[in-house]
$ cat entry-v6.txt   # compact mmCIF, C-alpha atoms and all ligand atoms
# COMPACT_ATOMS: atom_id res chain seq x y z
CA MET A 1 50.61 -6.26 57.51
CA ALA A 2 53.96 -5.91 55.76
CA LEU A 3 54.34 -8.07 52.67
CA GLU A 4 57.20 -9.94 54.28
CA ASP A 5 54.85 -11.00 57.09
CA LYS A 6 52.48 -12.51 54.56
CA THR A 7 54.98 -14.19 52.26
CA GLY A 8 57.64 -15.18 54.80
CA PRO A 9 61.23 -14.08 54.66
CA HIS A 10 62.33 -16.49 51.91
CA LEU A 11 61.01 -15.15 48.66
CA PRO A 12 61.71 -17.65 45.89
CA SER A 13 63.84 -16.21 43.15
CA HIS A 14 61.91 -18.01 40.41
CA VAL A 15 58.26 -19.00 40.47
CA ALA A 16 56.89 -21.06 37.58
CA ILE A 17 53.18 -21.70 37.16
CA ILE A 18 51.19 -24.34 35.29
CA MET A 19 47.99 -22.42 34.71
CA ASP A 20 45.35 -25.14 34.67
CA GLY A 21 41.59 -25.23 35.05
CA ASN A 22 40.27 -22.67 32.57
CA GLY A 23 37.97 -25.24 30.95
CA ARG A 24 36.51 -26.42 34.27
CA TRP A 25 36.03 -22.83 35.42
CA ALA A 26 33.96 -22.20 32.28
CA ARG A 27 32.01 -25.48 32.55
CA LYS A 28 30.96 -24.64 36.10
CA ARG A 29 29.37 -21.50 34.69
CA LEU A 30 27.88 -23.22 31.63
CA LEU A 31 30.16 -21.12 29.43
CA PRO A 32 32.25 -22.21 26.44
CA ARG A 33 35.87 -23.21 27.19
CA GLU A 34 37.07 -20.08 25.41
CA ALA A 35 35.40 -17.96 28.10
CA GLY A 36 37.54 -19.78 30.66
CA HIS A 37 40.69 -18.95 28.71
CA TYR A 38 39.60 -15.31 28.49
CA ALA A 39 39.13 -15.22 32.26
CA GLY A 40 42.52 -16.94 32.53
CA MET A 41 44.08 -14.02 30.70
CA GLY A 42 42.74 -11.75 33.47
CA ALA A 43 44.44 -13.96 36.04
CA VAL A 44 47.69 -13.73 34.05
CA ARG A 45 47.44 -9.95 34.18
CA GLU A 46 46.76 -9.86 37.92
CA THR A 47 49.49 -12.39 38.71
CA VAL A 48 52.10 -10.50 36.70
CA ARG A 49 51.19 -7.24 38.44
CA ALA A 50 51.27 -8.87 41.87
CA ALA A 51 54.57 -10.66 41.24
CA CYS A 52 56.12 -7.43 40.08
CA ASP A 53 54.81 -5.47 43.10
CA ILE A 54 56.05 -8.17 45.48
CA GLY A 55 59.51 -7.95 43.93
CA LEU A 56 59.79 -11.44 42.44
CA GLN A 57 62.76 -11.65 40.11
CA ASN A 58 61.55 -14.39 37.79
CA LEU A 59 58.06 -15.51 36.85
CA THR A 60 57.48 -18.18 34.21
CA LEU A 61 53.98 -19.02 32.99
CA PHE A 62 53.00 -22.09 30.96
CA ALA A 63 50.73 -20.56 28.33
CA PHE A 64 50.60 -23.24 25.61
CA SER A 65 52.18 -26.67 25.58
CA SER A 66 53.47 -28.50 22.54
CA GLU A 67 50.66 -31.02 23.23
CA ASN A 68 47.96 -28.31 23.17
CA TRP A 69 47.99 -28.42 19.35
CA LYS A 70 45.89 -31.59 19.73
CA ARG A 71 42.93 -29.55 21.00
CA PRO A 72 40.05 -28.62 18.64
CA LYS A 73 41.02 -26.04 16.04
CA THR A 74 38.58 -23.49 17.40
CA GLU A 75 40.10 -23.68 20.89
CA VAL A 76 43.67 -23.43 19.56
CA GLY A 77 42.56 -20.43 17.48
CA ALA A 78 41.02 -18.79 20.54
CA LEU A 79 44.21 -19.31 22.59
CA MET A 80 46.33 -17.81 19.79
CA GLY A 81 43.91 -14.89 19.62
CA LEU A 82 44.24 -14.30 23.36
CA PHE A 83 48.00 -14.37 23.15
CA ARG A 84 47.83 -11.69 20.43
CA ALA A 85 45.34 -9.65 22.49
CA TYR A 86 47.49 -9.85 25.61
CA PHE A 87 50.59 -8.62 23.80
CA ARG A 88 48.65 -5.77 22.20
CA SER A 89 46.94 -4.63 25.37
CA ASP A 90 49.61 -5.22 28.01
CA MET A 91 53.00 -4.60 26.39
CA ASP A 92 53.10 -0.90 27.28
CA GLU A 93 52.39 -1.68 30.93
CA LEU A 94 55.03 -4.42 30.98
CA VAL A 95 57.56 -1.99 29.55
CA ASP A 96 56.55 0.68 32.11
CA ARG A 97 57.06 -1.89 34.84
CA ASN A 98 60.62 -2.49 33.61
CA ILE A 99 59.76 -6.15 32.91
CA ARG A 100 61.99 -8.20 30.65
CA MET A 101 60.01 -10.54 28.41
CA ARG A 102 61.13 -13.89 27.12
CA ILE A 103 59.19 -16.55 25.28
CA ILE A 104 60.49 -20.11 25.43
CA GLY A 105 59.28 -22.82 23.10
CA HIS A 106 59.36 -24.06 19.56
CA ARG A 107 58.52 -20.78 17.75
CA GLY A 108 58.61 -22.19 14.20
CA ARG A 109 55.07 -23.66 14.44
CA VAL A 110 53.14 -20.53 15.42
CA ALA A 111 51.75 -17.98 12.95
CA ASN A 112 54.19 -15.46 11.51
CA ASP A 113 52.53 -12.45 13.12
CA ILE A 114 52.84 -14.09 16.56
CA GLN A 115 56.49 -14.89 15.92
CA GLN A 116 56.98 -11.23 15.06
CA MET A 117 55.19 -10.07 18.21
CA ILE A 118 57.37 -12.37 20.28
CA GLU A 119 60.56 -11.04 18.71
CA GLU A 120 59.43 -7.42 19.09
CA SER A 121 58.46 -7.87 22.74
CA GLU A 122 61.82 -9.44 23.53
CA LYS A 123 63.68 -6.71 21.66
CA ARG A 124 61.64 -3.95 23.25
CA THR A 125 62.39 -5.15 26.77
CA ILE A 126 65.95 -6.41 26.31
CA ASN A 127 67.46 -3.63 28.42
CA ASN A 128 64.84 -3.82 31.17
CA THR A 129 66.23 -4.74 34.54
CA GLY A 130 63.09 -5.58 36.51
CA MET A 131 61.28 -8.92 36.72
CA ASN A 132 61.98 -11.56 34.09
CA LEU A 133 58.60 -12.60 32.73
CA THR A 134 58.83 -15.73 30.63
CA PHE A 135 55.96 -17.33 28.74
CA ALA A 136 56.35 -20.98 27.83
CA PHE A 137 54.52 -21.02 24.53
CA ASP A 138 54.45 -24.05 22.25
CA TYR A 139 56.79 -25.46 24.87
CA GLY A 140 57.54 -29.06 25.81
CA GLY A 141 60.21 -30.08 28.31
CA GLN A 142 61.12 -33.35 26.60
CA GLU A 143 61.47 -31.59 23.23
CA GLU A 144 63.71 -29.01 24.89
CA ILE A 145 65.94 -31.70 26.42
CA VAL A 146 66.14 -33.61 23.15
CA ALA A 147 67.09 -30.42 21.25
CA ALA A 148 69.89 -29.67 23.74
CA THR A 149 71.11 -33.27 23.54
CA ARG A 150 71.09 -33.17 19.75
CA GLU A 151 73.12 -29.94 19.76
CA LEU A 152 75.75 -31.41 22.10
CA ALA A 153 75.84 -34.71 20.20
CA ARG A 154 76.38 -32.83 16.93
CA ALA A 155 79.24 -30.83 18.48
CA ALA A 156 80.80 -34.06 19.80
CA ALA A 157 80.41 -35.81 16.43
CA ASP A 158 82.10 -32.84 14.70
CA GLY A 159 85.00 -32.99 17.14
CA ARG A 160 84.14 -29.59 18.67
CA LEU A 161 83.23 -31.05 22.06
CA ASP A 162 84.82 -33.69 24.27
CA PRO A 163 81.88 -35.74 25.70
CA GLU A 164 83.79 -36.03 28.99
CA THR A 165 83.39 -32.27 29.48
CA ILE A 166 79.57 -32.44 29.47
CA THR A 167 78.33 -31.40 32.90
CA PRO A 168 74.86 -30.51 34.20
CA GLU A 169 75.87 -26.84 33.93
CA LEU A 170 76.95 -27.21 30.28
CA PHE A 171 73.73 -29.06 29.50
CA ALA A 172 71.62 -26.38 31.21
CA SER A 173 73.37 -23.72 29.14
CA ARG A 174 71.82 -25.30 26.01
CA LEU A 175 68.24 -25.07 27.30
CA PHE A 176 65.79 -22.25 26.50
CA THR A 177 66.10 -21.12 30.12
CA SER A 178 69.88 -20.67 30.12
CA ALA A 179 69.56 -17.04 31.22
CA LEU A 180 67.29 -17.85 34.18
CA PRO A 181 67.89 -19.50 37.55
CA SER A 182 66.12 -22.82 38.12
CA PRO A 183 62.60 -22.40 39.47
CA ASP A 184 62.49 -22.86 43.21
CA LEU A 185 58.70 -22.98 43.31
CA VAL A 186 56.45 -24.64 40.73
CA ILE A 187 52.75 -24.09 41.24
CA ARG A 188 49.99 -25.99 39.45
CA THR A 189 46.42 -24.90 39.82
CA SER A 190 43.19 -26.93 39.42
CA GLY A 191 43.94 -29.91 41.64
CA GLU A 192 45.95 -31.96 39.14
CA HIS A 193 49.22 -33.36 40.49
CA ARG A 194 51.40 -33.49 37.39
CA LEU A 195 54.22 -31.55 35.75
CA SER A 196 52.82 -32.15 32.24
CA ASN A 197 56.17 -31.75 30.47
CA PHE A 198 56.88 -28.35 32.06
CA LEU A 199 60.50 -27.39 32.90
CA LEU A 200 61.42 -31.03 33.55
CA TRP A 201 65.17 -30.54 33.85
CA GLN A 202 64.91 -27.17 35.57
CA SER A 203 62.49 -28.35 38.29
CA ALA A 204 64.83 -31.02 39.70
CA TYR A 205 64.92 -29.36 43.14
CA ALA A 206 61.86 -27.12 42.92
CA GLU A 207 59.26 -27.14 45.63
CA LEU A 208 55.98 -28.28 44.09
CA LEU A 209 52.72 -26.72 45.17
CA PHE A 210 49.43 -28.11 43.91
CA LEU A 211 46.43 -25.88 44.50
CA ASP A 212 42.75 -26.68 44.04
CA THR A 213 42.07 -23.15 42.78
CA LEU A 214 41.10 -23.03 39.10
CA TRP A 215 43.45 -20.73 37.19
CA PRO A 216 40.92 -17.93 36.44
CA ASP A 217 40.38 -17.60 40.21
CA PHE A 218 44.09 -17.28 40.95
CA ASP A 219 44.86 -13.77 42.17
CA ARG A 220 47.21 -11.65 44.26
CA ALA A 221 46.06 -13.27 47.52
CA ALA A 222 46.60 -16.75 46.05
CA LEU A 223 50.12 -15.81 44.99
CA GLU A 224 50.92 -14.36 48.41
CA SER A 225 49.58 -17.49 50.09
CA ALA A 226 51.70 -19.69 47.78
CA LEU A 227 54.79 -17.65 48.62
CA ALA A 228 54.05 -17.94 52.32
CA GLN A 229 53.78 -21.75 51.96
CA PHE A 230 57.10 -21.78 50.14
CA GLY A 231 58.63 -19.73 52.97
CA GLY A 232 57.63 -22.47 55.41
CA ARG A 233 59.27 -25.32 53.52
CA GLU A 234 62.72 -26.60 54.30
CA ARG A 235 64.89 -27.15 51.24
CA ARG A 236 67.75 -29.61 51.53
CA PHE A 237 68.93 -30.20 47.94
CA GLY A 238 69.78 -33.80 48.82
CA ALA A 239 71.74 -32.89 51.96
CA LEU A 240 70.69 -33.39 55.59
CA ASP A 241 68.60 -30.85 57.44
CA SER A 242 70.40 -28.52 59.83
CA GLU A 243 69.17 -30.38 62.97
CA ALA A 244 70.49 -33.72 61.74
CA VAL A 245 73.89 -32.17 61.03
CA ALA A 246 74.15 -30.47 64.44
C1 LIG A 301 44.80 -24.96 30.90
O1 LIG A 301 43.42 -24.95 31.17
C2 LIG A 301 45.26 -23.72 30.32
C3 LIG A 301 45.75 -23.60 29.05
C4 LIG A 301 45.81 -24.72 28.11
C5 LIG A 301 46.25 -22.35 28.52
C6 LIG A 301 46.60 -21.25 29.45
C7 LIG A 301 46.04 -20.02 28.88
C8 LIG A 301 45.66 -18.93 29.56
C9 LIG A 301 45.89 -18.78 31.00
C10 LIG A 301 44.94 -17.81 28.90
C11 LIG A 301 45.68 -16.85 28.07
C12 LIG A 301 47.12 -16.68 28.34
C13 LIG A 301 47.86 -15.62 27.98
C14 LIG A 301 49.30 -15.62 28.22
C15 LIG A 301 47.29 -14.43 27.37
P1 LIG A 301 42.56 -26.13 30.56
O2 LIG A 301 41.93 -25.64 29.31
O3 LIG A 301 43.40 -27.35 30.34
O4 LIG A 301 41.52 -26.35 31.69
P2 LIG A 301 40.76 -27.72 32.05
O5 LIG A 301 41.83 -28.70 32.46
O6 LIG A 301 39.87 -27.31 33.17
O7 LIG A 301 40.01 -28.14 30.83
$ encode --input "entry-v6.txt" --output "structure tokens"
Amino acid sequence: MALEDKTGPHLPSHVAIIMDGNGRWARKRLLPREAGHYAGMGAVRETVRAACDIGLQNLTLFAFSSENWKRPKTEVGALMGLFRAYFRSDMDELVDRNIRMRIIGHRGRVANDIQQMIEESEKRTINNTGMNLTFAFDYGGQEEIVAATRELARAAADGRLDPETITPELFASRLFTSALPSPDLVIRTSGEHRLSNFLLWQSAYAELLFLDTLWPDFDRAALESALAQFGGRERRFGALDSEAVA
């Protein structure tokens, strides 16, 4: 079956995923939570490969939230370790696949060597023209909105900006995601029905898809099925549907 038959004709231009359920996946197997995160890294790898093969233009993955610092030190350490491991093991493949990497988030709070890896990966892929792969890492949507607001307020207070000229487009240009289109599909795995501070501004018109699959079990078939479900949805952006207009 051709890919288009499986995913439907309307491929979203930007898919963003809240990767949830690593801990429950591990608990079901009587394994430590860290084992779930390790398996989750495998799902990241498979999803990136599949998205790239399918021809998605933008994939954003929520890898670590600004609230995740509240987890036990050992778990935070394990997640940081996995992030390092992923960059070391997968960067060459990402470069070969012509992927452009971006990391959105706070940056200043993570270890220096991770900050360096982030900068290097972005520099190394800056001229790549394939899929935009963005990791939200130490990311929080409210923090992002507050930072953009603060920047605009400072410019207005200094007389460099007329507050009347602030539009949604200007505001969006101050967010971490300014170079990316808004996500048109946000997927959350593990059966939870929440956005958890992920791309709050950017998801205003996104289709939301909540799956029971635990993140480590998410794979190419799950992505294709999600894309097919997206293809079947009607998006109106606040307007009427075509039948009502006719
Ligand atoms: C949520 O599962 C997942 C995370 C907090 C982190 C996501 C991390 C990965 C997918 C692994 C590594 C990623 C990269 C980019 C190498 P949870 O722990 O909240 O699961 P639970 O709700 O079942 O406890």
$ axis_aligned_box --input "entry-v6.txt" --around "ligand LIG 301 (chain A)" --padding-each-side "3 Å" --output "AutoDock Vina command-line options"
--center_x 44.6 --center_y -21.6 --center_z 30.3 --size_x 15.4 --size_y 20.3 --size_z 11.8
$ closest_atom_pairs --input "entry-v6.txt" --of "chain A" --to "ligand LIG 301 (chain A)" --cutoff "8 Å" --atoms "only C-alpha atoms and all ligand atoms" --output "CSV"
residue,atom,partner,partner_atom,distance
A:Ile18,CA,A:LIG301,C2,7.8
A:Met19,CA,A:LIG301,C2,5.3
A:Asp20,CA,A:LIG301,C1,3.8
A:Gly21,CA,A:LIG301,O6,3.3
A:Asn22,CA,A:LIG301,O4,4.0
A:Gly23,CA,A:LIG301,O7,3.5
A:Arg24,CA,A:LIG301,O6,3.6
A:Trp25,CA,A:LIG301,O6,6.3
A:Ala26,CA,A:LIG301,O6,7.9
A:Arg33,CA,A:LIG301,O2,6.9
A:Gly36,CA,A:LIG301,O2,7.4
A:His37,CA,A:LIG301,C10,4.4
A:Tyr38,CA,A:LIG301,C10,5.9
A:Ala39,CA,A:LIG301,C10,7.2
A:Gly40,CA,A:LIG301,C9,4.1
A:Met41,CA,A:LIG301,C11,4.2
A:Gly42,CA,A:LIG301,C10,7.9
A:Ala43,CA,A:LIG301,C9,7.1
A:Val44,CA,A:LIG301,C9,6.2
A:Leu61,CA,A:LIG301,C14,7.5
A:Phe62,CA,A:LIG301,C6,6.6
A:Ala63,CA,A:LIG301,C6,4.3
A:Phe64,CA,A:LIG301,C5,5.3
A:Ser65,CA,A:LIG301,C4,7.1
A:Asn68,CA,A:LIG301,C4,6.5
A:Leu79,CA,A:LIG301,C11,6.2
A:Leu82,CA,A:LIG301,C15,5.0
A:Phe83,CA,A:LIG301,C15,4.3
A:Arg84,CA,A:LIG301,C15,7.5
A:Ala85,CA,A:LIG301,C15,7.1
A:Tyr86,CA,A:LIG301,C15,4.9
A:Phe87,CA,A:LIG301,C15,7.6
A:Phe135,CA,A:LIG301,C14,6.9
A:Ser190,CA,A:LIG301,O6,7.1
A:Leu214,CA,A:LIG301,O6,7.4
A:Trp215,CA,A:LIG301,C9,6.9
A:Pro216,CA,A:LIG301,C9,7.4
$ write_last_selection --input "entry-v6.txt" --atoms "C-alpha atoms" --output "PDB file, keeping the file's coordinate frame"
ATOM      1  CA  ILE A  18      51.190 -24.340  35.290  1.00  0.00           C
ATOM      2  CA  MET A  19      47.990 -22.420  34.710  1.00  0.00           C
ATOM      3  CA  ASP A  20      45.350 -25.140  34.670  1.00  0.00           C
ATOM      4  CA  GLY A  21      41.590 -25.230  35.050  1.00  0.00           C
ATOM      5  CA  ASN A  22      40.270 -22.670  32.570  1.00  0.00           C
ATOM      6  CA  GLY A  23      37.970 -25.240  30.950  1.00  0.00           C
ATOM      7  CA  ARG A  24      36.510 -26.420  34.270  1.00  0.00           C
ATOM      8  CA  TRP A  25      36.030 -22.830  35.420  1.00  0.00           C
ATOM      9  CA  ALA A  26      33.960 -22.200  32.280  1.00  0.00           C
ATOM     10  CA  ARG A  33      35.870 -23.210  27.190  1.00  0.00           C
ATOM     11  CA  GLY A  36      37.540 -19.780  30.660  1.00  0.00           C
ATOM     12  CA  HIS A  37      40.690 -18.950  28.710  1.00  0.00           C
ATOM     13  CA  TYR A  38      39.600 -15.310  28.490  1.00  0.00           C
ATOM     14  CA  ALA A  39      39.130 -15.220  32.260  1.00  0.00           C
ATOM     15  CA  GLY A  40      42.520 -16.940  32.530  1.00  0.00           C
ATOM     16  CA  MET A  41      44.080 -14.020  30.700  1.00  0.00           C
ATOM     17  CA  GLY A  42      42.740 -11.750  33.470  1.00  0.00           C
ATOM     18  CA  ALA A  43      44.440 -13.960  36.040  1.00  0.00           C
ATOM     19  CA  VAL A  44      47.690 -13.730  34.050  1.00  0.00           C
ATOM     20  CA  LEU A  61      53.980 -19.020  32.990  1.00  0.00           C
ATOM     21  CA  PHE A  62      53.000 -22.090  30.960  1.00  0.00           C
ATOM     22  CA  ALA A  63      50.730 -20.560  28.330  1.00  0.00           C
ATOM     23  CA  PHE A  64      50.600 -23.240  25.610  1.00  0.00           C
ATOM     24  CA  SER A  65      52.180 -26.670  25.580  1.00  0.00           C
ATOM     25  CA  ASN A  68      47.960 -28.310  23.170  1.00  0.00           C
ATOM     26  CA  LEU A  79      44.210 -19.310  22.590  1.00  0.00           C
ATOM     27  CA  LEU A  82      44.240 -14.300  23.360  1.00  0.00           C
ATOM     28  CA  PHE A  83      48.000 -14.370  23.150  1.00  0.00           C
ATOM     29  CA  ARG A  84      47.830 -11.690  20.430  1.00  0.00           C
ATOM     30  CA  ALA A  85      45.340  -9.650  22.490  1.00  0.00           C
ATOM     31  CA  TYR A  86      47.490  -9.850  25.610  1.00  0.00           C
ATOM     32  CA  PHE A  87      50.590  -8.620  23.800  1.00  0.00           C
ATOM     33  CA  PHE A 135      55.960 -17.330  28.740  1.00  0.00           C
ATOM     34  CA  SER A 190      43.190 -26.930  39.420  1.00  0.00           C
ATOM     35  CA  LEU A 214      41.100 -23.030  39.100  1.00  0.00           C
ATOM     36  CA  TRP A 215      43.450 -20.730  37.190  1.00  0.00           C
ATOM     37  CA  PRO A 216      40.920 -17.930  36.440  1.00  0.00           C
TER      38      PRO A 216
END
$ closest_residue --input "entry-v6.txt" --among "A:Asp219, A:Glu207, A:Glu144, A:Asp138" --to "Lys70 (chain A)" --atoms "all atoms listed in the file"
A:Asp138
$ residues_around --input "entry-v6.txt" --residues "Ala222 (chain A)" --least-positions-apart "5" --cutoff "10 Å" --atoms "all atoms listed in the file" --output "ChimeraX atom specification"
/A:47,211,213,217,227-228
$ closest_atom_pairs --input "entry-v6.txt" --of "region 114-142 of chain A" --to "region 101-106 of chain A" --cutoff "7 Å" --atoms "only C-alpha atoms" --output "CSV"
residue,atom,partner,partner_atom,distance
A:Ile118,CA,A:Ile103,CA,6.8
A:Ser121,CA,A:Met101,CA,6.5
A:Glu122,CA,A:Met101,CA,5.3
A:Thr125,CA,A:Met101,CA,6.1
A:Asn132,CA,A:Met101,CA,6.1
A:Leu133,CA,A:Met101,CA,5.0
A:Thr134,CA,A:Arg102,CA,4.6
A:Phe135,CA,A:Ile103,CA,4.8
A:Ala136,CA,A:Ile104,CA,4.9
A:Phe137,CA,A:Gly105,CA,5.3
A:Asp138,CA,A:Gly105,CA,5.1
A:Tyr139,CA,A:Gly105,CA,4.0
$ closest_atom_pairs --input "entry-v6.txt" --of "region 1-81 of chain A" --to "region 180-188 of chain A" --cutoff "8 Å" --atoms "only C-alpha atoms" --output "Markdown table"
| residue | atom | partner | partner_atom | distance |
| --- | --- | --- | --- | --- |
| A:Pro12 | CA | A:Asp184 | CA | 5.9 |
| A:Ser13 | CA | A:Asp184 | CA | 6.8 |
| A:His14 | CA | A:Pro183 | CA | 4.5 |
| A:Val15 | CA | A:Leu185 | CA | 4.9 |
| A:Ala16 | CA | A:Val186 | CA | 4.8 |
| A:Ile17 | CA | A:Ile187 | CA | 4.7 |
| A:Ile18 | CA | A:Arg188 | CA | 4.6 |
| A:Met19 | CA | A:Arg188 | CA | 6.3 |
| A:Asp20 | CA | A:Arg188 | CA | 6.7 |
| A:Asn58 | CA | A:Leu180 | CA | 7.6 |
$ closest_residue --input "entry-v6.txt" --among "A:Glu34, A:Arg100, A:Glu151, A:Gly141" --to "Ser203 (chain A)" --atoms "only C-alpha atoms"
A:Gly141
$ atom_distance --input "entry-v6.txt" --atom1 "CA of Asn128 (chain A)" --atom2 "CA of Ser225 (chain A)"
27.9 Å
$ closest_residue --input "entry-v6.txt" --among "A:Cys52, A:Ser66, A:Arg107, A:Asp113" --to "Val95 (chain A)" --atoms "all atoms listed in the file"
A:Cys52
$ closest_residue --input "entry-v6.txt" --among "A:Trp201, A:Glu67, A:Asp90, A:Gly238" --to "Glu169 (chain A)" --atoms "all atoms listed in the file"
A:Trp201
$ closest_residue --input "entry-v6.txt" --among "A:Ala226, A:Arg194, A:Leu31, A:Phe237" --to "Ala206 (chain A)" --atoms "only C-alpha atoms"
A:Phe237
$ atom_distance --input "entry-v6.txt" --atom1 "CA of Phe171 (chain A)" --atom2 "CA of Ala147 (chain A)"
10.7 Å
$ residues_near_point --input "entry-v6.txt" --point "(69.4, -28.6, 28.4)" --cutoff "7 Å" --atoms "only C-alpha atoms" --output "list in words"
Glu144, Ile145, Ala148, Thr149, Phe171, Ala172, Ser173, Arg174 and Leu175 of chain A
$ atom_distance --input "entry-v6.txt" --atom1 "CA of Ala157 (chain A)" --atom2 "CA of Glu143 (chain A)"
20.6 Å
$ closest_residue --input "entry-v6.txt" --among "A:Gly191, A:Leu152, A:Thr60, A:Asp53" --to "Thr167 (chain A)" --atoms "all atoms listed in the file"
A:Leu152
$ build_atoms --input "entry-v6.txt" --residues "region 174-185 of chain A" --atoms "N, CA, C and O atoms" --output "short mmCIF file (atom, residue, chain, number, x, y, z; two decimals), in the coordinates of the input"
data_model
loop_
_atom_site.label_atom_id
_atom_site.label_comp_id
_atom_site.auth_asym_id
_atom_site.auth_seq_id
_atom_site.Cartn_x
_atom_site.Cartn_y
_atom_site.Cartn_z
N ARG A 174 72.39 -25.08 27.34
CA ARG A 174 71.82 -25.30 26.01
C ARG A 174 70.29 -25.31 26.04
O ARG A 174 69.64 -25.54 25.04
N LEU A 175 69.71 -25.08 27.20
CA LEU A 175 68.24 -25.07 27.30
C LEU A 175 67.71 -23.65 27.05
O LEU A 175 68.45 -22.68 27.14
N PHE A 176 66.41 -23.57 26.75
CA PHE A 176 65.79 -22.25 26.50
C PHE A 176 65.97 -21.31 27.69
O PHE A 176 65.94 -20.10 27.54
N THR A 177 66.10 -21.90 28.88
CA THR A 177 66.10 -21.12 30.12
C THR A 177 67.51 -20.75 30.58
O THR A 177 67.69 -20.41 31.75
N SER A 178 68.49 -20.82 29.67
CA SER A 178 69.88 -20.67 30.12
C SER A 178 70.12 -19.35 30.86
O SER A 178 71.02 -19.28 31.70
N ALA A 179 69.32 -18.33 30.57
CA ALA A 179 69.56 -17.04 31.22
C ALA A 179 68.86 -16.92 32.58
O ALA A 179 68.99 -15.91 33.26
N LEU A 180 68.10 -17.94 32.96
CA LEU A 180 67.29 -17.85 34.18
C LEU A 180 67.78 -18.83 35.24
O LEU A 180 68.28 -19.91 34.90
N PRO A 181 67.59 -18.50 36.51
CA PRO A 181 67.89 -19.50 37.55
C PRO A 181 66.83 -20.60 37.49
O PRO A 181 65.74 -20.39 36.96
N SER A 182 67.12 -21.75 38.08
CA SER A 182 66.12 -22.82 38.12
C SER A 182 64.94 -22.36 38.97
O SER A 182 65.13 -21.63 39.94
N PRO A 183 63.73 -22.79 38.61
CA PRO A 183 62.60 -22.40 39.47
C PRO A 183 62.75 -23.02 40.85
O PRO A 183 63.15 -24.18 40.97
N ASP A 184 62.48 -22.23 41.89
CA ASP A 184 62.49 -22.86 43.21
C ASP A 184 61.08 -23.16 43.68
O ASP A 184 60.90 -23.88 44.67
N LEU A 185 60.08 -22.64 42.99
CA LEU A 185 58.70 -22.98 43.31
C LEU A 185 57.92 -23.19 42.02
O LEU A 185 57.90 -22.30 41.16
#
